[in-house]
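S.K.: Got upload.txt for you, compact mmCIF, C-alpha atoms and all ligand atoms:
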```
# COMPACT_ATOMS: atom_id res chain seq x y z
CA MET M 15 13.08 9.39 16.63
CA LYS M 16 16.13 11.50 15.74
CA ASP M 17 17.68 9.36 12.98
CA ILE M 18 16.08 8.28 9.71
CA TYR M 19 16.03 4.74 11.06
CA GLU M 20 16.18 2.81 14.34
CA PHE M 21 15.99 -0.97 14.59
CA TYR M 22 15.94 -3.28 17.58
CA ASN M 23 16.99 -6.89 18.03
CA MET M 24 14.13 -7.81 20.33
CA ASP M 25 10.63 -9.22 20.61
CA CYS M 26 8.27 -6.78 18.88
CA VAL M 27 5.66 -6.58 21.65
CA GLU M 28 8.24 -5.79 24.29
CA GLY M 29 10.01 -3.50 21.81
CA CYS M 30 6.89 -1.51 20.96
CA ARG M 31 6.13 -1.00 24.64
CA LYS M 32 9.68 0.17 25.41
CA ARG M 33 10.52 2.12 22.26
CA LEU M 34 7.47 3.43 20.46
CA PRO M 35 5.09 6.03 21.90
CA ASP M 36 1.33 6.07 21.22
CA ASN M 37 0.26 7.46 17.82
CA SER M 38 3.85 7.75 16.55
CA ILE M 39 3.78 5.65 13.34
CA ASP M 40 2.32 6.66 9.97
CA LEU M 41 2.32 3.23 8.34
CA ILE M 42 2.92 -0.37 9.44
CA VAL M 43 3.82 -2.96 6.82
CA THR M 44 4.50 -6.35 8.31
CA ASP M 45 4.71 -10.03 7.65
CA PRO M 46 4.48 -12.02 10.91
CA PRO M 47 5.72 -15.62 11.18
CA TYR M 48 3.02 -17.81 9.66
CA GLY M 49 2.75 -20.43 12.40
CA ILE M 50 3.26 -23.21 9.84
CA SER M 51 6.83 -24.21 10.66
CA GLY M 52 8.23 -21.30 8.66
CA HIS M 53 11.70 -22.37 9.69
CA THR M 54 11.26 -25.40 7.38
CA LEU M 55 9.51 -23.52 4.56
CA HIS M 56 12.44 -23.86 2.18
CA LYS M 57 11.68 -27.60 1.88
CA HIS M 58 8.28 -26.90 0.33
CA TYR M 59 9.80 -24.42 -2.09
CA ASN M 60 12.58 -26.83 -3.04
CA ARG M 61 15.19 -24.15 -2.40
CA ASN M 62 18.92 -24.37 -1.99
CA GLU M 63 19.28 -24.07 1.79
CA ASP M 64 22.87 -22.82 1.52
CA PHE M 65 21.68 -19.30 0.78
CA VAL M 66 18.82 -19.16 3.28
CA LEU M 67 19.77 -17.54 6.56
CA ASP M 68 19.28 -19.59 9.74
CA GLY M 69 17.58 -18.17 12.79
CA TYR M 70 14.00 -17.64 11.62
CA ILE M 71 11.86 -17.61 14.77
CA GLU M 72 8.54 -19.41 14.36
CA VAL M 73 5.43 -19.33 16.57
CA SER M 74 3.58 -22.55 17.40
CA GLU M 75 0.01 -23.08 16.26
CA ARG M 76 -1.13 -23.24 19.89
CA GLU M 77 0.38 -19.84 20.71
CA TYR M 78 -0.71 -18.16 17.48
CA PRO M 79 -4.06 -16.63 18.62
CA GLU M 80 -2.57 -14.96 21.70
CA PHE M 81 0.60 -13.98 19.85
CA SER M 82 -1.54 -12.25 17.18
CA ARG M 83 -3.71 -10.44 19.73
CA ASN M 84 -0.65 -9.11 21.55
CA TRP M 85 1.24 -7.65 18.63
CA ILE M 86 -1.85 -6.32 16.84
CA LYS M 87 -2.91 -4.50 20.03
CA GLU M 88 0.51 -2.82 20.12
CA ALA M 89 0.26 -2.00 16.41
CA GLU M 90 -3.07 -0.25 17.06
CA ARG M 91 -1.53 1.77 19.89
CA ILE M 92 1.54 3.00 18.00
CA LEU M 93 -0.32 3.94 14.77
CA ARG M 94 -1.29 7.58 14.47
CA PRO M 95 -5.02 8.26 14.02
CA GLY M 96 -5.57 7.80 10.28
CA GLY M 97 -2.40 5.66 10.01
CA SER M 98 -2.52 2.49 7.91
CA ILE M 99 -1.47 -1.10 8.54
CA TYR M 100 -0.86 -3.81 5.94
CA ILE M 101 -0.49 -7.36 7.28
CA VAL M 102 0.69 -10.15 4.99
CA SER M 103 -0.74 -13.52 6.03
CA GLY M 104 -1.00 -17.04 4.69
CA TYR M 105 -4.34 -18.85 4.84
CA THR M 106 -3.60 -21.24 7.74
CA ASN M 107 -3.64 -18.69 10.54
CA LEU M 108 -5.54 -15.92 8.78
CA ILE M 109 -8.51 -16.46 11.07
CA HIS M 110 -6.42 -15.61 14.14
CA ILE M 111 -5.15 -12.39 12.56
CA LEU M 112 -8.70 -11.42 11.56
CA ASN M 113 -10.02 -12.23 15.05
CA ALA M 114 -7.27 -10.14 16.62
CA LEU M 115 -8.00 -7.23 14.26
CA HIS M 116 -11.71 -7.42 15.12
CA GLN M 117 -10.81 -6.89 18.77
CA THR M 118 -9.27 -3.49 17.98
CA SER M 119 -10.71 -0.22 16.70
CA LEU M 120 -8.86 -0.69 13.40
CA ARG M 121 -11.17 -0.42 10.37
CA GLU M 122 -10.93 -2.72 7.37
CA VAL M 123 -10.26 -0.96 4.07
CA ASN M 124 -9.34 -3.81 1.71
CA HIS M 125 -8.63 -7.51 1.77
CA ILE M 126 -6.03 -7.83 -0.98
CA ILE M 127 -4.99 -11.09 -2.61
CA TRP M 128 -1.35 -11.22 -3.60
CA LYS M 129 -0.73 -13.87 -6.24
CA TYR M 130 2.89 -14.94 -6.70
CA ASN M 131 4.84 -17.43 -8.74
CA PHE M 132 6.31 -20.67 -7.32
CA GLY M 133 3.37 -21.84 -5.19
CA VAL M 134 3.78 -24.60 -2.62
CA TYR M 135 3.81 -27.85 -4.61
CA ALA M 136 1.00 -30.37 -4.00
CA ARG M 137 0.29 -33.52 -5.95
CA LYS M 138 -3.38 -34.22 -5.25
CA LYS M 139 -4.84 -30.76 -4.86
CA TYR M 140 -4.53 -27.25 -6.28
CA ILE M 141 -1.30 -25.40 -5.72
CA SER M 142 -1.49 -22.62 -3.21
CA SER M 143 0.03 -19.51 -4.79
CA HIS M 144 -1.45 -16.52 -2.99
CA TYR M 145 -1.19 -14.62 0.25
CA HIS M 146 -3.67 -12.34 1.95
CA ILE M 147 -2.84 -8.70 2.63
CA LEU M 148 -5.13 -7.09 5.19
CA TYR M 149 -5.25 -3.33 4.82
CA TYR M 150 -6.76 -1.50 7.83
CA VAL M 151 -6.69 2.08 9.12
CA LYS M 152 -6.85 3.54 12.60
CA PRO M 153 -9.92 5.78 12.94
CA GLY M 154 -9.74 9.38 14.14
CA GLY M 155 -7.53 10.98 11.48
CA GLU M 156 -7.08 11.47 7.76
CA PRO M 157 -5.68 8.32 6.12
CA THR M 158 -2.99 8.78 3.46
CA PHE M 159 -4.05 7.27 0.15
CA ASN M 160 -2.22 8.74 -2.84
CA THR M 161 -4.68 7.72 -5.55
CA HIS M 162 -2.61 9.08 -8.45
CA CYS M 163 0.91 8.35 -7.19
CA ARG M 164 1.58 5.70 -9.86
CA TYR M 165 -0.91 6.26 -12.70
CA GLY M 166 -2.79 9.40 -13.66
CA ALA M 167 -6.57 9.28 -13.68
CA GLN M 168 -6.80 9.34 -17.46
CA GLU M 169 -3.91 7.05 -18.40
CA LYS M 170 -5.08 4.22 -20.62
CA LYS M 171 -3.70 0.81 -21.52
CA GLU M 172 -2.92 0.36 -25.22
CA GLU M 173 -5.90 -1.92 -25.68
CA SER M 174 -8.08 0.57 -23.67
CA GLY M 175 -8.97 0.41 -19.98
CA SER M 176 -7.66 2.59 -17.18
CA LEU M 177 -4.16 1.90 -15.83
CA ASN M 178 -5.04 3.60 -12.56
CA TYR M 179 -8.08 1.36 -12.07
CA GLU M 180 -6.08 -1.75 -12.89
CA ASP M 181 -3.28 -0.81 -10.45
CA ARG M 182 -5.83 -0.32 -7.68
CA GLU M 183 -7.69 -3.60 -8.12
CA ASP M 184 -7.46 -5.82 -5.04
CA VAL M 185 -5.76 -8.78 -6.71
CA TRP M 186 -2.05 -8.12 -7.17
CA ILE M 187 0.08 -10.33 -9.37
CA ILE M 188 3.64 -9.75 -8.26
CA ASN M 189 6.34 -12.36 -8.57
CA ARG M 190 8.75 -13.24 -5.83
CA GLU M 191 12.31 -12.18 -6.48
CA TYR M 192 14.74 -14.76 -7.68
CA LYS M 193 18.11 -14.00 -6.13
CA PRO M 194 20.44 -16.87 -7.01
CA GLY M 195 23.53 -17.03 -4.87
CA LYS M 196 22.44 -14.28 -2.46
CA ILE M 197 21.81 -14.70 1.26
CA LYS M 198 18.12 -14.24 1.97
CA ASN M 199 15.52 -14.60 4.69
CA LYS M 200 13.12 -17.55 4.65
CA ASN M 201 10.29 -15.50 3.26
CA GLU M 202 11.35 -12.24 1.69
CA LEU M 203 8.73 -9.81 0.36
CA PRO M 204 9.41 -8.46 -3.14
CA THR M 205 10.48 -4.84 -3.56
CA LYS M 206 7.67 -4.19 -6.08
CA LEU M 207 5.02 -5.22 -3.57
CA LEU M 208 6.45 -3.07 -0.78
CA GLN M 209 6.99 -0.14 -3.11
CA LYS M 210 3.33 -0.20 -4.15
CA ILE M 211 2.06 -0.22 -0.56
CA ILE M 212 4.47 2.48 0.57
CA GLN M 213 3.75 4.76 -2.41
CA TYR M 214 -0.03 4.58 -1.93
CA SER M 215 -0.14 4.79 1.86
CA SER M 216 2.66 7.15 2.89
CA ASN M 217 4.52 10.31 1.94
CA GLU M 218 8.21 11.21 1.97
CA GLY M 219 9.40 11.74 5.54
CA ASP M 220 6.71 9.49 7.07
CA LEU M 221 7.72 6.93 9.68
CA ILE M 222 7.17 3.29 8.66
CA CYS M 223 7.36 0.37 11.08
CA ASP M 224 7.81 -3.35 10.48
CA LEU M 225 7.31 -5.43 13.63
CA PHE M 226 8.88 -8.53 12.00
CA LEU M 227 11.82 -7.22 10.01
CA GLY M 228 13.24 -10.55 8.74
CA SER M 229 15.58 -9.36 6.00
CA PHE M 230 14.58 -5.69 6.61
CA SER M 231 12.88 -5.63 3.18
CA THR M 232 10.18 -3.15 4.30
CA ALA M 233 12.79 -0.90 5.90
CA LYS M 234 15.04 -0.96 2.82
CA VAL M 235 12.22 0.05 0.49
CA ALA M 236 10.97 2.67 2.95
CA LEU M 237 14.40 4.30 3.02
CA GLY M 238 14.74 3.92 -0.74
CA LEU M 239 11.58 6.00 -1.09
CA ASN M 240 12.80 8.66 1.36
CA ARG M 241 10.64 7.56 4.26
CA ARG M 242 11.96 6.89 7.79
CA ALA M 243 11.94 3.36 9.17
CA THR M 244 11.83 1.48 12.45
CA GLY M 245 11.10 -2.05 13.60
CA PHE M 246 12.03 -5.25 15.41
CA GLU M 247 13.59 -8.62 14.69
CA LYS M 248 13.89 -11.20 17.44
CA SER M 249 16.45 -13.42 15.73
CA LYS M 250 20.01 -12.30 16.46
CA ILE M 251 21.37 -14.13 13.42
CA ALA M 252 18.94 -12.39 11.05
CA PHE M 253 19.33 -9.02 12.78
CA ASP M 254 23.13 -9.03 12.79
CA HIS M 255 23.32 -10.03 9.14
CA HIS M 256 20.73 -7.62 7.76
CA ILE M 257 21.60 -4.56 9.84
CA LYS M 258 24.95 -4.54 8.02
CA GLU M 259 23.14 -4.57 4.66
CA MET M 260 20.85 -1.82 5.87
CA LYS M 261 23.78 0.50 6.50
CA LYS M 262 24.64 0.35 2.78
CA ILE M 263 21.23 1.67 1.70
CA VAL M 264 21.32 5.14 0.17
CA PRO M 265 18.17 7.06 1.17
CA GLY M 266 16.00 7.80 -1.86
CA TYR M 267 17.79 5.28 -4.11
CA LEU M 268 14.50 3.98 -5.53
CA LEU M 269 13.05 7.38 -6.41
CA LYS M 270 14.88 7.83 -9.71
CA ASP M 271 13.32 4.65 -11.13
CA LEU M 272 9.74 5.43 -10.12
CA ARG M 273 7.25 5.70 -12.93
CA ILE M 274 6.09 9.31 -13.24
CA PRO M 275 2.29 9.45 -13.51
CA ASP M 276 0.78 11.65 -16.20
CA ALA M 277 0.16 14.83 -14.22
CA THR M 278 -2.11 16.27 -16.87
CA SER M 279 -4.79 13.87 -15.65
CA PRO M 280 -7.66 15.60 -13.86
CA LEU M 281 -7.11 15.06 -10.18
CA ARG M 282 -10.71 15.71 -9.21
CA GLN M 283 -12.17 12.88 -11.23
CA GLY M 284 -15.02 11.15 -9.41
CA GLU M 285 -15.71 14.07 -7.05
CA SER M 286 -19.27 15.37 -7.08
CA TRP M 287 -20.01 18.90 -8.33
CA SER M 288 -21.02 21.54 -5.78
CA ASP M 289 -23.74 24.06 -6.74
CA ALA M 290 -21.17 26.87 -6.75
CA GLU M 291 -18.94 24.89 -9.09
CA LYS M 292 -21.83 24.10 -11.44
CA GLU M 293 -22.73 27.78 -11.56
CA ALA M 294 -19.10 28.70 -12.30
CA LEU M 295 -18.98 26.07 -15.05
CA ALA M 296 -22.11 27.39 -16.77
CA LYS M 297 -20.80 30.95 -16.59
CA ARG M 298 -17.36 30.05 -17.92
CA TYR M 299 -18.81 27.88 -20.68
CA SER M 300 -20.94 30.73 -21.85
CA GLU M 301 -17.99 33.19 -21.78
CA LEU M 302 -15.65 30.85 -23.66
CA LEU M 303 -18.25 29.98 -26.25
CA LYS M 304 -18.63 33.65 -27.09
CA ILE M 305 -14.86 33.86 -27.69
CA HIS M 306 -14.14 30.53 -29.41
CA LYS M 307 -17.54 29.88 -31.01
CA MET M 308 -17.05 26.09 -31.13
CA LYS M 309 -17.69 23.67 -28.28
CA LYS M 310 -14.75 21.43 -29.25
CA LYS M 311 -12.38 24.38 -28.62
CA VAL M 312 -14.02 25.21 -25.31
CA MET M 313 -14.03 21.76 -23.76
CA PRO M 314 -10.23 21.27 -23.32
CA ILE M 315 -10.03 24.69 -21.62
CA LEU M 316 -12.83 23.76 -19.22
CA CYS M 317 -11.15 20.41 -18.46
CA LYS M 318 -7.97 22.22 -17.51
CA GLU M 319 -9.58 25.00 -15.52
CA PHE M 320 -11.93 22.71 -13.57
CA ASP M 321 -9.45 19.83 -13.24
CA ARG M 322 -12.04 17.38 -14.59
CA GLY M 323 -12.24 14.93 -17.47
CA TYR M 324 -14.08 15.56 -20.72
CA TRP M 325 -17.04 13.31 -19.86
CA SER M 326 -17.44 14.80 -16.41
CA ILE M 327 -17.71 18.33 -17.87
CA GLN M 328 -20.01 17.13 -20.64
CA LYS M 329 -22.30 15.38 -18.13
CA ALA M 330 -22.42 18.40 -15.79
CA LEU M 331 -23.36 20.67 -18.71
CA LYS M 332 -26.06 18.26 -19.89
CA ASN M 333 -27.50 17.93 -16.39
CA MET M 334 -27.69 21.69 -16.08
CA GLU M 335 -29.29 21.87 -19.49
CA SER M 336 -32.09 19.53 -18.47
CA ALA M 337 -32.49 21.25 -15.10
CA ASN M 338 -32.82 24.62 -16.82
CA ALA M 339 -35.08 23.52 -19.70
CA PRO M 340 -37.51 24.58 -21.06
CA ASP M 341 -37.62 28.18 -19.88
CA SER M 342 -33.94 28.77 -19.21
CA ASP M 343 -32.28 31.42 -21.28
CA GLN M 344 -29.03 29.43 -21.09
CA SER M 345 -30.43 26.15 -22.42
CA ASP M 346 -29.28 26.84 -25.95
CA LEU M 347 -25.68 26.85 -24.74
CA PHE M 348 -25.61 23.13 -24.12
CA ASP M 349 -25.67 21.64 -27.58
C1 LIG S 1 7.80 -13.88 7.73
S1 LIG S 1 9.29 -13.30 8.39
C2 LIG S 1 9.41 -11.64 7.86
C3 LIG S 1 9.96 -11.54 6.50
C4 LIG S 1 10.22 -10.12 6.07
N1 LIG S 1 9.00 -9.42 5.77
C5 LIG S 1 11.13 -10.12 4.84
O1 LIG S 1 10.71 -9.66 3.77
O2 LIG S 1 12.25 -10.61 4.97
C6 LIG S 1 8.95 -13.12 10.08
C7 LIG S 1 10.14 -12.70 10.90
O3 LIG S 1 9.71 -12.42 12.25
C8 LIG S 1 10.71 -12.83 13.16
N2 LIG S 1 10.06 -12.97 14.48
C9 LIG S 1 9.39 -14.04 14.99
N3 LIG S 1 8.84 -13.73 16.18
C10 LIG S 1 9.15 -12.44 16.44
C11 LIG S 1 8.86 -11.54 17.51
N4 LIG S 1 8.11 -11.92 18.55
N5 LIG S 1 9.33 -10.27 17.43
C12 LIG S 1 10.08 -9.86 16.38
N6 LIG S 1 10.42 -10.68 15.35
C13 LIG S 1 9.95 -11.94 15.36
C14 LIG S 1 11.24 -14.11 12.54
O4 LIG S 1 12.53 -14.43 13.03
C15 LIG S 1 11.23 -13.76 11.05
O5 LIG S 1 12.47 -13.21 10.64
```
The structure in this file should be written as structure tokens.

M.R.:
Amino acid sequence: MKDIYEFYNMDCVEGCRKRLPDNSIDLIVTDPPYGISGHTLHKHYNRNEDFVLDGYIEVSEREYPEFSRNWIKEAERILRPGGSIYIVSGYTNLIHILNALHQTSLREVNHIIWKYNFGVYARKKYISSHYHILYYVKPGGEPTFNTHCRYGAQEKKEESGSLNYEDREDVWIINREYKPGKIKNKNELPTKLLQKIIQYSSNEGDLICDLFLGSFSTAKVALGLNRRATGFEKSKIAFDHHIKEMKKIVPGYLLKDLRIPDATSPLRQGESWSDAEKEALAKRYSELLKIHKMKKKVMPILCKEFDRGYWSIQKALKNMESANAPDSDQSDLFD
């Protein structure tokens, strides 16, 4: 692909076969039609139809299993080894998406629950207010997962608890966007949701594909984060409207508002210690203690030099102390 984006007004299976070579895509983020009369979805959400674009193409329940197998097989082919795919699905046809995924080599990483506001109203049962996001990777290569792209490893919430941990839990509470008076697709994904997926699972310059572009929301966020984008939309009405919007997007426009994670956090948190590293730690600890005399002055230096947290260093020193006791001449170093 020569340009930063290329989009096609065509069926995605045919489009993939004609336009996208094997192993050419770094990340797929997509939201297929739900097979639940999506073209009438606005009625359940009690929305003003005047601002919802016509031309949403639905798939019948009968066709759904085969439809899912066909596009997911193409998705597997175009992903690079190690590339990731996120599929947003409602509950009704989830089984067909899962069955289709199980017929590929794609490996499940997470089954994420996305909880949103404005669930589908029901009078005599609970209100459905979540979607499923299936996160899989293609085996055979290194997957991109930028663990500290949004929160540093040591960043804490005010009331304690890790922000990084919380951001990476598999239940996401992200509200839908309320865009009064703006033309929208029947089922637009929020920017915050797409931004999170794209930040964790791709890098600047990567090529991101959405097989069901709808309002081009994935593509817009991809470009906004300086990624490249491609994809397909079968509806001419939706395509013609949103391609014009797409042309107004300034690449990288979202970058300036990204939260900058605390880079002083140790990046190697959670990694096990090699024997060589343990030996280097013991040696350095002993050297620094001779200079600074006090352990509390030595620890921050070790954290920085070894790119580890306080407790990780403390634990490694203690472990070495017990391994070396009682006849080690270094045991007195680990107070
Ligand atoms: C759930 S919507 C996607 C919404 C999109 N993620 C957004 O945020 O606007 C599914 C879209 O797929 C389109 N579609 C249906 N069948 C298709 C096919 N075979 N190939 C490409 N697009 C298709 C529909 O017209 C609809 O716009």

S.K.: Kindly compile the residues surrounding ligand LIG 1 (chain S) within 8 Å, counting all atoms listed in the file, and format them as a PyMOL selection string.

M.R.: chain M and resi 23-27+44-48+52+69-73+81+198-204+224-232+246-249+252

S.K.: When you look at region 258-267 of chain M with a cut-off of 9 Å (counting all atoms listed in the file), what residues show up, excluding the ones that are within fewer than 2 positions of it in the same chain? I need them as a list in words.

M.R.: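 Everything that qualifies: Ile18, Phe230, Ala233, Lys234, Val235, Ala236, Leu237, Gly238, Leu239, Asn240, Arg241, Phe253, Asp254, His255, His256, Leu269, Lys270 and Asp271 of chain M.
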
S.K.: Export C-alpha atoms of the chosen residues as a PDB file, in the frame of the given file?

M.R.:
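Listing of result_18.pdb after writing:
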```pdb
ATOM      1  CA  ILE M  18      16.080   8.280   9.710  1.00  0.00           C
ATOM      2  CA  PHE M 230      14.580  -5.690   6.610  1.00  0.00           C
ATOM      3  CA  ALA M 233      12.790  -0.900   5.900  1.00  0.00           C
ATOM      4  CA  LYS M 234      15.040  -0.960   2.820  1.00  0.00           C
ATOM      5  CA  VAL M 235      12.220   0.050   0.490  1.00  0.00           C
ATOM      6  CA  ALA M 236      10.970   2.670   2.950  1.00  0.00           C
ATOM      7  CA  LEU M 237      14.400   4.300   3.020  1.00  0.00           C
ATOM      8  CA  GLY M 238      14.740   3.920  -0.740  1.00  0.00           C
ATOM      9  CA  LEU M 239      11.580   6.000  -1.090  1.00  0.00           C
ATOM     10  CA  ASN M 240      12.800   8.660   1.360  1.00  0.00           C
ATOM     11  CA  ARG M 241      10.640   7.560   4.260  1.00  0.00           C
ATOM     12  CA  PHE M 253      19.330  -9.020  12.780  1.00  0.00           C
ATOM     13  CA  ASP M 254      23.130  -9.030  12.790  1.00  0.00           C
ATOM     14  CA  HIS M 255      23.320 -10.030   9.140  1.00  0.00           C
ATOM     15  CA  HIS M 256      20.730  -7.620   7.760  1.00  0.00           C
ATOM     16  CA  LEU M 269      13.050   7.380  -6.410  1.00  0.00           C
ATOM     17  CA  LYS M 270      14.880   7.830  -9.710  1.00  0.00           C
ATOM     18  CA  ASP M 271      13.320   4.650 -11.130  1.00  0.00           C
TER      19      ASP M 271
END
```

S.K.: Between M:Lys304, M:His110, M:Lys329, M:Arg137, which is the closest to Glu80 (chain M) once you count all atoms listed in the file?

M.R.: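 The closest residue to Glu80 (chain M) is M:His110.
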
S.K.: Do you know which residues lie at most 8 Å from (-9.9, -2.9, 7.6), with coordinates as in the file and only C-alpha atoms counted, and could you write them as a ChimeraX atom specification?

M.R.: /M:120-125,148-151

S.K.: Could the residues in this selection be written to a file with C-alpha atoms, as a PDB file, in the coordinates of the input?

M.R.:
```pdb
ATOM      1  CA  LEU M 120      -8.860  -0.690  13.400  1.00  0.00           C
ATOM      2  CA  ARG M 121     -11.170  -0.420  10.370  1.00  0.00           C
ATOM      3  CA  GLU M 122     -10.930  -2.720   7.370  1.00  0.00           C
ATOM      4  CA  VAL M 123     -10.260  -0.960   4.070  1.00  0.00           C
ATOM      5  CA  ASN M 124      -9.340  -3.810   1.710  1.00  0.00           C
ATOM      6  CA  HIS M 125      -8.630  -7.510   1.770  1.00  0.00           C
ATOM      7  CA  LEU M 148      -5.130  -7.090   5.190  1.00  0.00           C
ATOM      8  CA  TYR M 149      -5.250  -3.330   4.820  1.00  0.00           C
ATOM      9  CA  TYR M 150      -6.760  -1.500   7.830  1.00  0.00           C
ATOM     10  CA  VAL M 151      -6.690   2.080   9.120  1.00  0.00           C
TER      11      VAL M 151
END
```

S.K.: What does the structure give for the distance between CA of Gly96 (chain M) and CA of Thr244 (chain M), in Å to one decimal?

M.R.: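 Separation between CA of Gly96 (chain M) and CA of Thr244 (chain M): 18.6 Å.
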
S.K.: Rounded to one decimal place, report the CA of Arg322 (chain M)-CA of Asn217 (chain M) distance in Å.

M.R.: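 That distance, rounded to one decimal, is 24.4 Å.
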
S.K.: Counting only C-alpha atoms, figure out which residue out of M:Ile50, M:Ile141, M:Asn37, M:Ile315 gets nearest to Arg298 (chain M).

M.R.: M:Ile315

S.K.: What is the distance between CA of Ile212 (chain M) and CA of Ser286 (chain M), in Å to one decimal?

M.R.: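 Computing the Euclidean distance for CA of Ile212 (chain M) and CA of Ser286 (chain M) yields 28.1 Å.
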
S.K.: Within 10 Å of Arg182 (chain M), counting all atoms listed in the file, which residues show up once you throw out same-chain ones fewer than 6 positions away? Write them as a PyMOL selection string, please.

M.R.: chain M and resi 161-162+164-165+210+214

S.K.: Using all atoms listed in the file, find all polymer residues with an atom at most 10 Å away from the point (-9.7, -4.7, 16.5); report them as a ChimeraX atom specification.

M.R.: /M:83,86-87,90,111-122,150,152

S.K.: Just the residues within 12 Å of Gly97 (chain M), please, counting all atoms listed in the file, with nothing from its chain fewer than 3 positions along; format it as a PDB file with C-alpha atoms, in the frame of the given file.

M.R.:
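Output (part.pdb):
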```
ATOM      1  CA  ASP M  36       1.330   6.070  21.220  1.00  0.00           C
ATOM      2  CA  ASN M  37       0.260   7.460  17.820  1.00  0.00           C
ATOM      3  CA  SER M  38       3.850   7.750  16.550  1.00  0.00           C
ATOM      4  CA  ILE M  39       3.780   5.650  13.340  1.00  0.00           C
ATOM      5  CA  ASP M  40       2.320   6.660   9.970  1.00  0.00           C
ATOM      6  CA  LEU M  41       2.320   3.230   8.340  1.00  0.00           C
ATOM      7  CA  ILE M  42       2.920  -0.370   9.440  1.00  0.00           C
ATOM      8  CA  VAL M  43       3.820  -2.960   6.820  1.00  0.00           C
ATOM      9  CA  ALA M  89       0.260  -2.000  16.410  1.00  0.00           C
ATOM     10  CA  GLU M  90      -3.070  -0.250  17.060  1.00  0.00           C
ATOM     11  CA  ARG M  91      -1.530   1.770  19.890  1.00  0.00           C
ATOM     12  CA  ILE M  92       1.540   3.000  18.000  1.00  0.00           C
ATOM     13  CA  LEU M  93      -0.320   3.940  14.770  1.00  0.00           C
ATOM     14  CA  ARG M  94      -1.290   7.580  14.470  1.00  0.00           C
ATOM     15  CA  TYR M 100      -0.860  -3.810   5.940  1.00  0.00           C
ATOM     16  CA  LEU M 120      -8.860  -0.690  13.400  1.00  0.00           C
ATOM     17  CA  ARG M 121     -11.170  -0.420  10.370  1.00  0.00           C
ATOM     18  CA  VAL M 123     -10.260  -0.960   4.070  1.00  0.00           C
ATOM     19  CA  TYR M 149      -5.250  -3.330   4.820  1.00  0.00           C
ATOM     20  CA  TYR M 150      -6.760  -1.500   7.830  1.00  0.00           C
ATOM     21  CA  VAL M 151      -6.690   2.080   9.120  1.00  0.00           C
ATOM     22  CA  LYS M 152      -6.850   3.540  12.600  1.00  0.00           C
ATOM     23  CA  PRO M 153      -9.920   5.780  12.940  1.00  0.00           C
ATOM     24  CA  GLY M 154      -9.740   9.380  14.140  1.00  0.00           C
ATOM     25  CA  GLY M 155      -7.530  10.980  11.480  1.00  0.00           C
ATOM     26  CA  GLU M 156      -7.080  11.470   7.760  1.00  0.00           C
ATOM     27  CA  PRO M 157      -5.680   8.320   6.120  1.00  0.00           C
ATOM     28  CA  THR M 158      -2.990   8.780   3.460  1.00  0.00           C
ATOM     29  CA  PHE M 159      -4.050   7.270   0.150  1.00  0.00           C
ATOM     30  CA  SER M 215      -0.140   4.790   1.860  1.00  0.00           C
ATOM     31  CA  SER M 216       2.660   7.150   2.890  1.00  0.00           C
ATOM     32  CA  ASN M 217       4.520  10.310   1.940  1.00  0.00           C
ATOM     33  CA  ASP M 220       6.710   9.490   7.070  1.00  0.00           C
ATOM     34  CA  LEU M 221       7.720   6.930   9.680  1.00  0.00           C
ATOM     35  CA  ILE M 222       7.170   3.290   8.660  1.00  0.00           C
ATOM     36  CA  CYS M 223       7.360   0.370  11.080  1.00  0.00           C
TER      37      CYS M 223
END
```
